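Single-structure report; data block below.
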Amino acid sequence: MSYITVTDLQKTFTVRKKREKGHLTREKTLVQALKGVSFSVERGELVGYIGPNGAGKSTTVKILSGILTPDGGQAEVGGRIPWQQRKEHVRHIGVVFGQRSQLWWDVPIADSYALLKDIYQVPPQQHQKRLNELTEALDLGSLLRTPLRLLSLGQRMRAELCGSLLHSPELLFLDEPTIGLDAVSKLALRDFLQFENRQHGTTILLTTHDMEDIAALCSRVMVLGHGSKLFDGSLADLLSRYDTQRIISLRYDGDCALPPLPAGCESIREGDGYRITYAPQTVPTAQMLSLLQSAGPIRELTAQPQNIDHLIADMYREMDL
């Protein structure tokens with residue numbers, strides 16, 4: 001049986017618009033955040049949950065963590081219904097919202113961790129062992145006596161992640177965990193999440209707009225749009241549908257001319273070289289390289305796939321998201 005099972009999940013919010021001049025009441029609009037979303041996640045999976053702003057990602061996380069109650073459908077996490085068994089459910093999960101904090105702003109983070117130990121009723125020896133493991137893995141040892149408000153964004157995110165994992169949850173929800181982080185902090189965070197997933201078998205559901213996070217961490221990705229699930233599979237399968245253009249820049253030794261190219265390919269002369277655009281689905285890259293080499297010795301060649309973010313943006317446009 002799957003660890004997370006979601007069936008026909010639905011959630012509608014009432015949005016009140018600003019009251020117009022001369023009107024006594026504000027106009028109300030119903031927004032369907034989730035329109036019958038269904039999926040399952042196995043124990044120990046690391047799954048990416050992506051989609052544009054307003055797709056329903058955070059709403060799903062809040063329902064699965066017990067914060068919100070759905071209007072329709074069912075969801076079970078480890079055999080528990082999150083919004084009906086909240087006290088028992090939160091013992092088994094950790095949640096990190098990239099723009100919200102669960103730690104106390106003005107006290108040293110070690111004091112926050114001590115309070116979380118009492119909240120989750122973690123035995124002292126178990127807490128200390130887990131704290132030592134996490135502070136070493138997240139490089140927090142020198143920051144334990146520092147108030148949260150004095151930490152940088154990257155340090156705060158590492159501290160939040162430590163706090164969410166102190167009680168050794170089976171499931172970790174990460175909602176935009178790398179937002180605003182620099183490249184070094186992102187790499188360190190990704191390495192830690194991979195370690196936590198492998199070492200402890202922690203199930204991780206990651207929502208993010210950073211496709212590099214998805215590419216580095218997730219073997220499976222689900223795409224949400226307009227409150228509906230649009231795709232569920234590997235990132236490679238998803239991108240293969242939209243990776244429609246590759247670019248090769250090359251220069252030959254001597255006076256070699258570019259060979260005739262297959263239909264659909266375009267070439268532009270750039271100085272003493274060429275810029276070639278082709279579709280990898282029509283002309284495989286290996287075939288294109290072999291064809292270019294047949295014209296003579298190549299001095300310089302650069303192949304450029306599309307940036308993942310551009311591919312995802314193209315996908316959103318095609319799906320009308």
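All residue names refer to the structure tokens as shown: chains lettered A, B, ... in order, residues numbered from 1 in each chain, ligands numbered from 1 in order.
Residues in contact with Leu116 of chain A at up to 10 Å, not including ones fewer than 5 positions away on its chain and judged by only C-alpha atoms, are Gln102, Leu103, Ala110, Asp111, Gln121, Val122, His127, Gly163, Ser164, Leu166 and His167 of chain A.
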Which residues are near Leu261 of chain A? Cut-off 10 Å, only C-alpha atoms, ignore same chain within fewer than 6 positions. Put them as a list in words.
Ser267, Ile276, Tyr278, Val283, Met288, Leu291 and Leu292 of chain A
For segment 44-59 of chain A, list every protein, DNA or RNA residue within 8 Å, evaluated using only C-alpha atoms, and leave out those in the same chain fewer than 6 positions away; present the list as a PyMOL selection string.
chain A and resi 11+33-34+68+175+197+201-209+214+217-228+316+321
Okay, now the selection with N, CA and C atoms, as an mmCIF file, in the first residue's frame?
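To be explicit, this is the file written out as part_2.cif:
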data_model
loop_
_atom_site.group_PDB
_atom_site.id
_atom_site.type_symbol
_atom_site.label_atom_id
_atom_site.label_comp_id
_atom_site.auth_asym_id
_atom_site.auth_seq_id
_atom_site.Cartn_x
_atom_site.Cartn_y
_atom_site.Cartn_z
ATOM 1 N N LYS A 11 -10.577 21.580 -3.309
ATOM 2 C CA LYS A 11 -10.561 22.685 -2.349
ATOM 3 C C LYS A 11 -10.923 23.974 -3.067
ATOM 4 N N ALA A 33 -8.972 25.882 -6.007
ATOM 5 C CA ALA A 33 -7.528 25.644 -5.921
ATOM 6 C C ALA A 33 -7.171 24.231 -6.350
ATOM 7 N N LEU A 34 -8.033 23.255 -6.021
ATOM 8 C CA LEU A 34 -7.815 21.859 -6.410
ATOM 9 C C LEU A 34 -9.103 21.318 -7.019
ATOM 10 N N LEU A 68 -5.183 22.404 6.426
ATOM 11 C CA LEU A 68 -6.462 22.679 5.774
ATOM 12 C C LEU A 68 -7.297 21.415 5.676
ATOM 13 N N ASP A 175 8.321 23.331 0.902
ATOM 14 C CA ASP A 175 7.627 24.283 0.038
ATOM 15 C C ASP A 175 8.560 25.462 -0.239
ATOM 16 N N ASN A 197 17.392 11.456 2.616
ATOM 17 C CA ASN A 197 16.529 10.505 1.912
ATOM 18 C C ASN A 197 17.153 9.118 1.857
ATOM 19 N N GLY A 201 15.674 7.051 4.794
ATOM 20 C CA GLY A 201 14.489 6.651 4.047
ATOM 21 C C GLY A 201 13.344 7.625 4.178
ATOM 22 N N THR A 202 13.665 8.906 4.453
ATOM 23 C CA THR A 202 12.623 9.918 4.627
ATOM 24 C C THR A 202 11.922 10.195 3.296
ATOM 25 N N THR A 203 10.612 10.114 3.287
ATOM 26 C CA THR A 203 9.824 10.471 2.109
ATOM 27 C C THR A 203 9.784 11.992 2.011
ATOM 28 N N ILE A 204 10.074 12.533 0.823
ATOM 29 C CA ILE A 204 10.159 13.986 0.659
ATOM 30 C C ILE A 204 9.271 14.413 -0.513
ATOM 31 N N LEU A 205 8.407 15.388 -0.254
ATOM 32 C CA LEU A 205 7.603 16.016 -1.301
ATOM 33 C C LEU A 205 8.079 17.448 -1.436
ATOM 34 N N LEU A 206 8.653 17.772 -2.589
ATOM 35 C CA LEU A 206 9.312 19.059 -2.808
ATOM 36 C C LEU A 206 8.533 19.895 -3.808
ATOM 37 N N THR A 207 8.078 21.071 -3.389
ATOM 38 C CA THR A 207 7.482 22.027 -4.325
ATOM 39 C C THR A 207 8.465 23.175 -4.518
ATOM 40 N N THR A 208 8.721 23.520 -5.753
ATOM 41 C CA THR A 208 9.707 24.556 -6.030
ATOM 42 C C THR A 208 9.509 25.092 -7.441
ATOM 43 N N HIS A 209 10.025 26.307 -7.670
ATOM 44 C CA HIS A 209 10.094 26.859 -9.028
ATOM 45 C C HIS A 209 11.504 26.711 -9.588
ATOM 46 N N ILE A 214 14.814 20.264 -8.866
ATOM 47 C CA ILE A 214 14.103 19.071 -9.325
ATOM 48 C C ILE A 214 15.056 18.130 -10.063
ATOM 49 N N LEU A 217 17.489 16.418 -7.571
ATOM 50 C CA LEU A 217 16.985 15.636 -6.450
ATOM 51 C C LEU A 217 15.946 14.578 -6.819
ATOM 52 N N CYS A 218 15.081 14.870 -7.769
ATOM 53 C CA CYS A 218 13.849 14.083 -7.902
ATOM 54 C C CYS A 218 13.899 13.119 -9.086
ATOM 55 N N SER A 219 13.582 11.860 -8.822
ATOM 56 C CA SER A 219 13.457 10.879 -9.895
ATOM 57 C C SER A 219 12.070 10.917 -10.521
ATOM 58 N N ARG A 220 11.143 11.569 -9.826
ATOM 59 C CA ARG A 220 9.759 11.644 -10.300
ATOM 60 C C ARG A 220 9.251 13.064 -10.113
ATOM 61 N N VAL A 221 8.448 13.524 -11.056
ATOM 62 C CA VAL A 221 7.903 14.874 -10.966
ATOM 63 C C VAL A 221 6.429 14.851 -11.355
ATOM 64 N N MET A 222 5.637 15.616 -10.585
ATOM 65 C CA MET A 222 4.224 15.801 -10.918
ATOM 66 C C MET A 222 4.014 17.277 -11.252
ATOM 67 N N VAL A 223 3.257 17.539 -12.300
ATOM 68 C CA VAL A 223 2.972 18.906 -12.729
ATOM 69 C C VAL A 223 1.510 19.213 -12.440
ATOM 70 N N LEU A 224 1.282 20.320 -11.736
ATOM 71 C CA LEU A 224 -0.066 20.759 -11.385
ATOM 72 C C LEU A 224 -0.360 22.057 -12.120
ATOM 73 N N GLY A 225 -1.571 22.184 -12.638
ATOM 74 C CA GLY A 225 -1.958 23.410 -13.308
ATOM 75 C C GLY A 225 -3.454 23.625 -13.224
ATOM 76 N N HIS A 226 -3.865 24.828 -12.851
ATOM 77 C CA HIS A 226 -5.295 25.136 -12.704
ATOM 78 C C HIS A 226 -5.980 24.146 -11.766
ATOM 79 N N GLY A 227 -5.261 23.677 -10.756
ATOM 80 C CA GLY A 227 -5.849 22.785 -9.772
ATOM 81 C C GLY A 227 -5.973 21.344 -10.195
ATOM 82 N N SER A 228 -5.404 20.971 -11.355
ATOM 83 C CA SER A 228 -5.489 19.597 -11.850
ATOM 84 C C SER A 228 -4.090 19.039 -12.103
ATOM 85 N N TYR A 316 4.623 25.283 -19.769
ATOM 86 C CA TYR A 316 3.497 25.989 -19.159
ATOM 87 C C TYR A 316 2.674 26.713 -20.222
ATOM 88 N N LEU A 321 -0.993 27.358 -18.940
ATOM 89 C CA LEU A 321 -0.981 27.547 -17.481
ATOM 90 C C LEU A 321 -0.636 28.983 -17.131
#
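Of the listed residues (A:Thr69, A:Ser152, A:Ser168, A:Gln128), A:Ser168 comes nearest to Ile93 of chain A; the distances count only C-alpha atoms.
Closest approach to Leu172 of chain A among A:Ser240, A:Ser65, A:Ser234, A:Ser185 is made by A:Ser65 (distances from only C-alpha atoms).
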Residues within 10 Å of segment 129-133 of chain A, only C-alpha atoms, excluding chain neighbours under 2 positions, as a PyMOL selection string:
chain A and resi 110+113-114+124-127+135-141+162-163+165-168
Resulting file, chosen residues, C-alpha atoms, as a PDB file, in the first residue's frame:
ATOM      1  CA  ALA A 110      19.394  25.893  20.409  1.00  0.00           C
ATOM      2  CA  TYR A 113      15.318  23.126  19.385  1.00  0.00           C
ATOM      3  CA  ALA A 114      14.966  22.423  23.115  1.00  0.00           C
ATOM      4  CA  PRO A 124      16.668  13.585  25.780  1.00  0.00           C
ATOM      5  CA  GLN A 125      19.293  11.076  24.597  1.00  0.00           C
ATOM      6  CA  GLN A 126      17.538  10.555  21.264  1.00  0.00           C
ATOM      7  CA  HIS A 127      17.188  14.331  20.825  1.00  0.00           C
ATOM      8  CA  THR A 135      24.120  20.141  13.170  1.00  0.00           C
ATOM      9  CA  GLU A 136      27.135  18.352  11.696  1.00  0.00           C
ATOM     10  CA  ALA A 137      25.399  17.594   8.386  1.00  0.00           C
ATOM     11  CA  LEU A 138      24.010  21.142   8.088  1.00  0.00           C
ATOM     12  CA  ASP A 139      27.103  22.893   9.511  1.00  0.00           C
ATOM     13  CA  LEU A 140      25.174  24.568  12.331  1.00  0.00           C
ATOM     14  CA  GLY A 141      27.520  23.870  15.261  1.00  0.00           C
ATOM     15  CA  CYS A 162      17.170  21.047  11.281  1.00  0.00           C
ATOM     16  CA  GLY A 163      14.167  21.996  13.400  1.00  0.00           C
ATOM     17  CA  LEU A 165      13.799  16.937  11.289  1.00  0.00           C
ATOM     18  CA  LEU A 166      14.659  16.809  15.009  1.00  0.00           C
ATOM     19  CA  HIS A 167      11.823  14.392  15.761  1.00  0.00           C
ATOM     20  CA  SER A 168      12.893  12.090  12.874  1.00  0.00           C
TER      21      SER A 168
END
What are the DSSP helix (DSSP H, G or I) residues of segment 66-123 of chain A, as a PyMOL selection string?
chain A and resi 86-90+109-119
Could you go through segment 155-236 of chain A and tell me which residues DSSP, when run on the backbone, assigns to strand (DSSP E), listing them as a compact mmCIF listing (two decimals) with all heavy atoms, in the first residue's frame?
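Contents of states.txt, as written:
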# COMPACT_ATOMS: atom_id res chain seq x y z
N LEU A 171 8.00 11.73 6.93
CA LEU A 171 7.66 12.49 5.73
C LEU A 171 8.05 13.95 5.93
O LEU A 171 7.79 14.53 6.98
CB LEU A 171 6.14 12.39 5.48
CG LEU A 171 5.53 13.29 4.40
CD1 LEU A 171 6.09 12.96 3.02
CD2 LEU A 171 4.00 13.14 4.40
N LEU A 172 8.70 14.52 4.91
CA LEU A 172 9.12 15.91 4.96
C LEU A 172 8.51 16.66 3.78
O LEU A 172 8.70 16.28 2.61
CB LEU A 172 10.65 16.00 4.89
CG LEU A 172 11.27 17.40 4.91
CD1 LEU A 172 10.95 18.12 6.23
CD2 LEU A 172 12.77 17.33 4.70
N PHE A 173 7.74 17.72 4.08
CA PHE A 173 7.21 18.61 3.05
C PHE A 173 8.13 19.81 2.93
O PHE A 173 8.42 20.49 3.93
CB PHE A 173 5.80 19.09 3.42
CG PHE A 173 4.76 18.02 3.44
CD1 PHE A 173 4.25 17.55 4.65
CD2 PHE A 173 4.26 17.48 2.27
CE1 PHE A 173 3.28 16.57 4.69
CE2 PHE A 173 3.27 16.49 2.29
CZ PHE A 173 2.79 16.04 3.51
N LEU A 174 8.57 20.10 1.72
CA LEU A 174 9.43 21.26 1.48
C LEU A 174 8.74 22.16 0.47
O LEU A 174 8.56 21.78 -0.70
CB LEU A 174 10.78 20.81 0.93
CG LEU A 174 11.64 19.93 1.85
CD1 LEU A 174 12.87 19.43 1.11
CD2 LEU A 174 12.04 20.70 3.09
N ASP A 175 8.32 23.33 0.90
CA ASP A 175 7.63 24.28 0.04
C ASP A 175 8.56 25.46 -0.24
O ASP A 175 8.78 26.31 0.61
CB ASP A 175 6.34 24.75 0.72
CG ASP A 175 5.42 25.52 -0.23
OD1 ASP A 175 5.70 25.50 -1.45
OD2 ASP A 175 4.46 26.14 0.24
N THR A 203 10.61 10.11 3.29
CA THR A 203 9.82 10.47 2.11
C THR A 203 9.78 11.99 2.01
O THR A 203 9.51 12.67 2.99
CB THR A 203 8.40 9.91 2.23
OG1 THR A 203 8.46 8.51 2.48
CG2 THR A 203 7.60 10.16 0.95
N ILE A 204 10.07 12.53 0.82
CA ILE A 204 10.16 13.99 0.66
C ILE A 204 9.27 14.41 -0.51
O ILE A 204 9.37 13.86 -1.61
CB ILE A 204 11.61 14.44 0.41
CG1 ILE A 204 12.49 14.07 1.61
CG2 ILE A 204 11.67 15.95 0.17
CD1 ILE A 204 13.96 14.40 1.42
N LEU A 205 8.41 15.39 -0.25
CA LEU A 205 7.60 16.02 -1.30
C LEU A 205 8.08 17.45 -1.44
O LEU A 205 7.95 18.25 -0.50
CB LEU A 205 6.12 15.97 -0.96
CG LEU A 205 5.15 16.46 -2.04
CD1 LEU A 205 5.20 15.53 -3.25
CD2 LEU A 205 3.72 16.53 -1.52
N LEU A 206 8.65 17.77 -2.59
CA LEU A 206 9.31 19.06 -2.81
C LEU A 206 8.53 19.89 -3.81
O LEU A 206 8.32 19.48 -4.94
CB LEU A 206 10.74 18.81 -3.33
CG LEU A 206 11.52 20.00 -3.86
CD1 LEU A 206 11.85 20.98 -2.73
CD2 LEU A 206 12.81 19.54 -4.53
N THR A 207 8.08 21.07 -3.39
CA THR A 207 7.48 22.03 -4.33
C THR A 207 8.46 23.17 -4.52
O THR A 207 9.00 23.70 -3.54
CB THR A 207 6.13 22.59 -3.82
OG1 THR A 207 6.36 23.48 -2.73
CG2 THR A 207 5.23 21.48 -3.36
N ARG A 220 11.14 11.57 -9.83
CA ARG A 220 9.76 11.64 -10.30
C ARG A 220 9.25 13.06 -10.11
O ARG A 220 9.59 13.73 -9.13
CB ARG A 220 8.90 10.67 -9.51
CG ARG A 220 7.41 10.74 -9.80
CD ARG A 220 6.64 9.84 -8.84
NE ARG A 220 5.21 10.01 -8.92
CZ ARG A 220 4.35 9.55 -8.01
NH1 ARG A 220 4.80 8.88 -6.96
NH2 ARG A 220 3.06 9.76 -8.14
N VAL A 221 8.45 13.52 -11.06
CA VAL A 221 7.90 14.87 -10.97
C VAL A 221 6.43 14.85 -11.35
O VAL A 221 6.02 14.14 -12.28
CB VAL A 221 8.69 15.86 -11.87
CG1 VAL A 221 8.64 15.44 -13.32
CG2 VAL A 221 8.18 17.27 -11.72
N MET A 222 5.64 15.62 -10.59
CA MET A 222 4.22 15.80 -10.92
C MET A 222 4.01 17.28 -11.25
O MET A 222 4.54 18.15 -10.57
CB MET A 222 3.32 15.39 -9.74
CG MET A 222 3.29 13.92 -9.48
SD MET A 222 2.13 13.46 -8.16
CE MET A 222 3.07 13.92 -6.70
N VAL A 223 3.26 17.54 -12.30
CA VAL A 223 2.97 18.91 -12.73
C VAL A 223 1.51 19.21 -12.44
O VAL A 223 0.61 18.47 -12.84
CB VAL A 223 3.25 19.11 -14.23
CG1 VAL A 223 2.95 20.55 -14.63
CG2 VAL A 223 4.69 18.78 -14.55
N LEU A 224 1.28 20.32 -11.74
CA LEU A 224 -0.07 20.76 -11.38
C LEU A 224 -0.36 22.06 -12.12
O LEU A 224 0.50 22.94 -12.21
CB LEU A 224 -0.15 20.98 -9.88
CG LEU A 224 -1.55 20.98 -9.23
CD1 LEU A 224 -2.13 19.57 -9.30
CD2 LEU A 224 -1.45 21.42 -7.79
N GLY A 225 -1.57 22.18 -12.64
CA GLY A 225 -1.96 23.41 -13.31
C GLY A 225 -3.45 23.63 -13.22
O GLY A 225 -4.23 22.68 -13.45
N SER A 228 -5.40 20.97 -11.36
CA SER A 228 -5.49 19.60 -11.85
C SER A 228 -4.09 19.04 -12.10
O SER A 228 -3.18 19.78 -12.46
CB SER A 228 -6.30 19.54 -13.15
OG SER A 228 -7.61 20.05 -12.96
N LYS A 229 -3.93 17.74 -11.93
CA LYS A 229 -2.66 17.10 -12.22
C LYS A 229 -2.55 16.88 -13.73
O LYS A 229 -3.42 16.27 -14.34
CB LYS A 229 -2.54 15.77 -11.49
CG LYS A 229 -1.15 15.15 -11.58
CD LYS A 229 -1.07 13.80 -10.88
CE LYS A 229 -1.77 12.73 -11.70
NZ LYS A 229 -1.58 11.38 -11.15
N LEU A 230 -1.46 17.38 -14.32
CA LEU A 230 -1.30 17.32 -15.77
C LEU A 230 -0.26 16.32 -16.22
O LEU A 230 -0.27 15.88 -17.36
CB LEU A 230 -0.92 18.71 -16.30
CG LEU A 230 -1.89 19.85 -15.96
CD1 LEU A 230 -1.34 21.17 -16.46
CD2 LEU A 230 -3.26 19.58 -16.55
N PHE A 231 0.67 15.98 -15.32
CA PHE A 231 1.74 15.06 -15.69
C PHE A 231 2.26 14.36 -14.45
O PHE A 231 2.32 14.96 -13.37
CB PHE A 231 2.89 15.81 -16.39
CG PHE A 231 4.07 14.94 -16.73
CD1 PHE A 231 4.10 14.23 -17.92
CD2 PHE A 231 5.15 14.82 -15.86
CE1 PHE A 231 5.18 13.41 -18.23
CE2 PHE A 231 6.23 14.01 -16.16
CZ PHE A 231 6.24 13.30 -17.35
N ASP A 232 2.65 13.10 -14.59
CA ASP A 232 3.25 12.34 -13.50
C ASP A 232 4.23 11.35 -14.11
O ASP A 232 3.83 10.40 -14.78
CB ASP A 232 2.16 11.61 -12.70
CG ASP A 232 2.70 10.96 -11.43
OD1 ASP A 232 3.94 10.90 -11.27
OD2 ASP A 232 1.89 10.53 -10.59
N GLY A 233 5.52 11.59 -13.90
CA GLY A 233 6.54 10.72 -14.49
C GLY A 233 7.92 11.27 -14.21
O GLY A 233 8.12 12.07 -13.30
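Residue nearest Glu42 of chain A within the list A:Gly78, A:Pro259, A:Gly73, A:Gly94: A:Gly78 [criterion: smallest interatomic distance, only C-alpha atoms].
Of note, atom CA of Gln293 of chain A and atom CA of Arg275 of chain A are spaced 14.7 Å apart.
Of note, atom CA of Asp106 of chain A and atom CA of Pro147 of chain A are spaced 5.4 Å apart.
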